[in-house]
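Note sheet for the following structure.
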Amino acid sequence: MVKGLLLLLSIFNFQFSIGFAQERQAISRADECIAIFNDVLRQVDVNYVDTLNYEELTETAINAMLRQIDPYTVYYPKKNDRDLRMLTTGKYGGIGSIIQQRPSVKVKGERLKVKGKDSLDTYIVNPYEGKPAQRAGILAGDRILSVDGKSTKGLTVSEVSNNLRGIPGTTVVLEIEREGIDKPFKVSVVREDIHLDAVSFYTVFQADSLSEPVGYIAFNEFTEGSAQAFSNALDDLYYSRGARKLIIDLRGNGGGMVDEALQMVNLFVEEGVTIVETKGKTAMSNRTYPTRNKPRYKDLPLVVLVDKNSASASEIVAGALQDLGRAKLIGQRTFGKGLVQNVRSVAYGGHIKVTTSKYYLPSGRCIQAIDYSERQKGHELKRDTAGGILPDIVLKDSAKVDITYSLYINHYFFDFATRYHRLHDSIAAADVYEVSDADIEAFCSYLDERKFEYETETGKYYQDMIKMAKAEDIDSTTLAQLEALKPLLTPDYKEAIQRNKDEVKELLGSEIVLRYYYQKGQAAYNIRFDKEIHRALGELK
């Protein structure tokens with residue numbers, strides 16, 4: 001007995017010694033690297049010919065180091081605290097609007113074909129309803145010339161965004177150029193504490209083809225309080241609107257806080273069930289997350305919509321509900337982010353968001369699609385095709401590279417909607433509005449005015465082929481035959497619009513509705529054409 005105990009103690013001490021030695025070795029290597037960095041910085045400080053910006057050099061060095069680890073481990077110096085605050089709470093001090101940079105457009109409508117950021121203009125894409133920008137009269141399509149007297153020319157979209165943000169209660173002055181108004185004008189906007197809604201839209205479907213009313217909730221992000229917002233929307237759908245089945249839309253949801261995901265799943269799953277486990281290097285990283293409360297919607301039939309941009313906490317919710325047989329998933333394979341980050345304080349008021357563990361779903365699977373440790377070994381990163389969550393019903397991505405794609409990425413739908421809003425005081429309600437054939441004719445006239453040229457991807461390849469054929473000295477007969485294909489590969493854009501009229505009407509209508517009814521109105525319009533939602537409704541019959 002005593003000998004056995006002594007043997008166990010010896011084994012334990014031996015293992016402890018090995019572990020302690022390994023930890024000491026790792027610390028020693030880290031100390032050595034820190035000493036090297038400090039010495040290099042001192043040598044440069046003493047000997048470099050010009051004055052150094054120490055803060056910028058240090059930040060650059062840290063960011064370069066972290067980029068070698070993974071995209072989710074990020075350093076936030078004290079000056080970027082508001083970015084970290086928005087990440088965790090969904091709140092920021094600002095005007096409440098989405099901005100976008102895009103190529104400049106001349107007054108007569110021609111797009112400037114100039115490369116480089118100096119050719120880009122900053123536009124208001126989407127003022128949030130009820131937020132300071134919208135209340136101040138700023139419209140989608142407004143071009144921002146300056147912020148507090150500082151020109152936006154040459155600035156990145158992040159730099160313009162940082163200038164728009166600030167302490168709630170302070171005033172920011174925007175110089176605006178608006179389509180249809182000859183001269184720029186200034187607008188003063190008082191910043192507020194902006195909190196974007198985690199639940200962007202919810203409604204109930206009622207139709208003769210449905211046995212019972214079906215609720216629908218579009219859920220955007222897992223930030224502080226988002227699970228409660230989801231619960232409130234569900235309560236309204238169930239108790240006030242009579243929904244007895246539910247579609248949860250997590251498409252495009254990039255995730256967020258694990259605790260919020262746990263609370264959301266707990267609405268549908270029994271108390272005490274493990275939803276997710278995290279496993280990392282330290283004891284603090286190893287955690288089990290069981291449901292804590294009795295479910296309020298234990299038997300509510302569920303369908304969850306996911307896509308390639310559903311990640312992190314979205315995958316926890318979708319994967320857990322799938323593993324536990326609690327919901328059917330519809331859509332495309334999810335992103336595959338099975339890494340967990342925690343925020344730690346660092347010296348002088350900064351923070352670091354660091355990957356501390358991987359998460360594992362109830363079935364034991366970790367859905368991380370990329371092994372970033374391979375980068376440390378000098379290997380090329382590859383995406384595991386089995387990563388992410390495979391839905392029960394896989395639907396192909398319906399996006400096509402056609403005339404609608406060309407019109408969308410070149411902002412013609414957006415620009416026409418801006419003009420349409422100026423010329424029309426009102427439109428029908430969002431859930432019944434339709435783009436007419438007359439609107440399509442007006443849109444084509446607008447494209448003529450803008451001198452739109454429809455260049456297909458095939459056409460681009462064709463031009464490259466002709467250049468290569470000439471460079472390779474292809475014989476003149478063959479070259480003439482190739483050049484004879486040009487008329488066949490230069491389509492009439494009006495004919496292409498007619499051929500894809502339904503899709504053109506849908507996308508153009510979405511932009512127009514946004515001008516009058518903002519985000520919720522646009523969502524009410526878009527769900528009428530959403531094939532994945534209609535498939536989900538079919539499954540819930």
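Chain lettering (A, B, ...) mirrors the order of the structure tokens, residue numbering begins at 1 for each chain separately, and ligand numbering begins at 1 in order of display.
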If you count only C-alpha atoms, which residues fall within 6 Å of Thr73 (chain A), apart from same-chain ones fewer than 3 positions away, as a list in words? Asp70, Lys353, Val354 and Thr355 of chain A
Can I get the selection written as a CSV table (one decimal), in the first residue's frame, with N, CA and C atoms?
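Once written, part_0.csv looks like this:
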chain,number,residue,atom,x,y,z
A,70,ASP,N,-3.4,34.6,-35.8
A,70,ASP,CA,-4.7,34.4,-36.4
A,70,ASP,C,-5.4,35.8,-36.6
A,353,LYS,N,-7.5,41.4,-27.5
A,353,LYS,CA,-8.5,40.3,-27.7
A,353,LYS,C,-7.7,39.1,-28.2
A,354,VAL,N,-7.6,38.1,-27.4
A,354,VAL,CA,-6.7,37.0,-27.7
A,354,VAL,C,-7.5,35.6,-27.8
A,355,THR,N,-7.1,34.8,-28.7
A,355,THR,CA,-7.7,33.5,-28.9
A,355,THR,C,-7.2,32.6,-27.7
Region 128-288 of chain A: residues DSSP assigns to strand (DSSP E), reported as a PyMOL selection string: chain A and resi 143-147+150-151+171-177+185-190+192-195+199-205+214-219+245-249+274-280+287-288
Quote the spacing between CA of Phe201 (chain A) and CA of Lys520 (chain A) in Å to one decimal place. 5.9 Å
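Residues lying within 8 Å of Thr404 (chain A), counting only C-alpha atoms and ignoring same-chain neighbours fewer than 6 positions away, are A:Ile497, A:Asn500, A:Glu503, A:Val504, A:Leu507.
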Dump N, CA and C atoms for the selected residues as a short mmCIF file (atom, residue, chain, number, x, y, z; two decimals), in the first residue's frame?
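See selection_27.cif below for the written result:
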data_model
loop_
_atom_site.label_atom_id
_atom_site.label_comp_id
_atom_site.auth_asym_id
_atom_site.auth_seq_id
_atom_site.Cartn_x
_atom_site.Cartn_y
_atom_site.Cartn_z
N ILE A 497 -31.40 43.13 -69.52
CA ILE A 497 -32.30 43.53 -68.45
C ILE A 497 -33.67 42.90 -68.62
N ASN A 500 -33.60 39.34 -67.59
CA ASN A 500 -33.49 39.14 -66.14
C ASN A 500 -34.35 40.16 -65.39
N GLU A 503 -35.32 39.73 -61.55
CA GLU A 503 -34.22 40.00 -60.61
C GLU A 503 -33.88 41.48 -60.56
N VAL A 504 -33.93 42.15 -61.72
CA VAL A 504 -33.66 43.59 -61.75
C VAL A 504 -34.70 44.34 -60.94
N LEU A 507 -34.03 43.81 -57.05
CA LEU A 507 -32.92 44.55 -56.47
C LEU A 507 -33.14 46.05 -56.53
#
Counting only C-alpha atoms, the residue of A:Lys78, A:Pro71, A:Ser357, A:Asp208 that sits nearest Thr282 (chain A):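 Smallest separation from Thr282 (chain A) among the options: A:Ser357.
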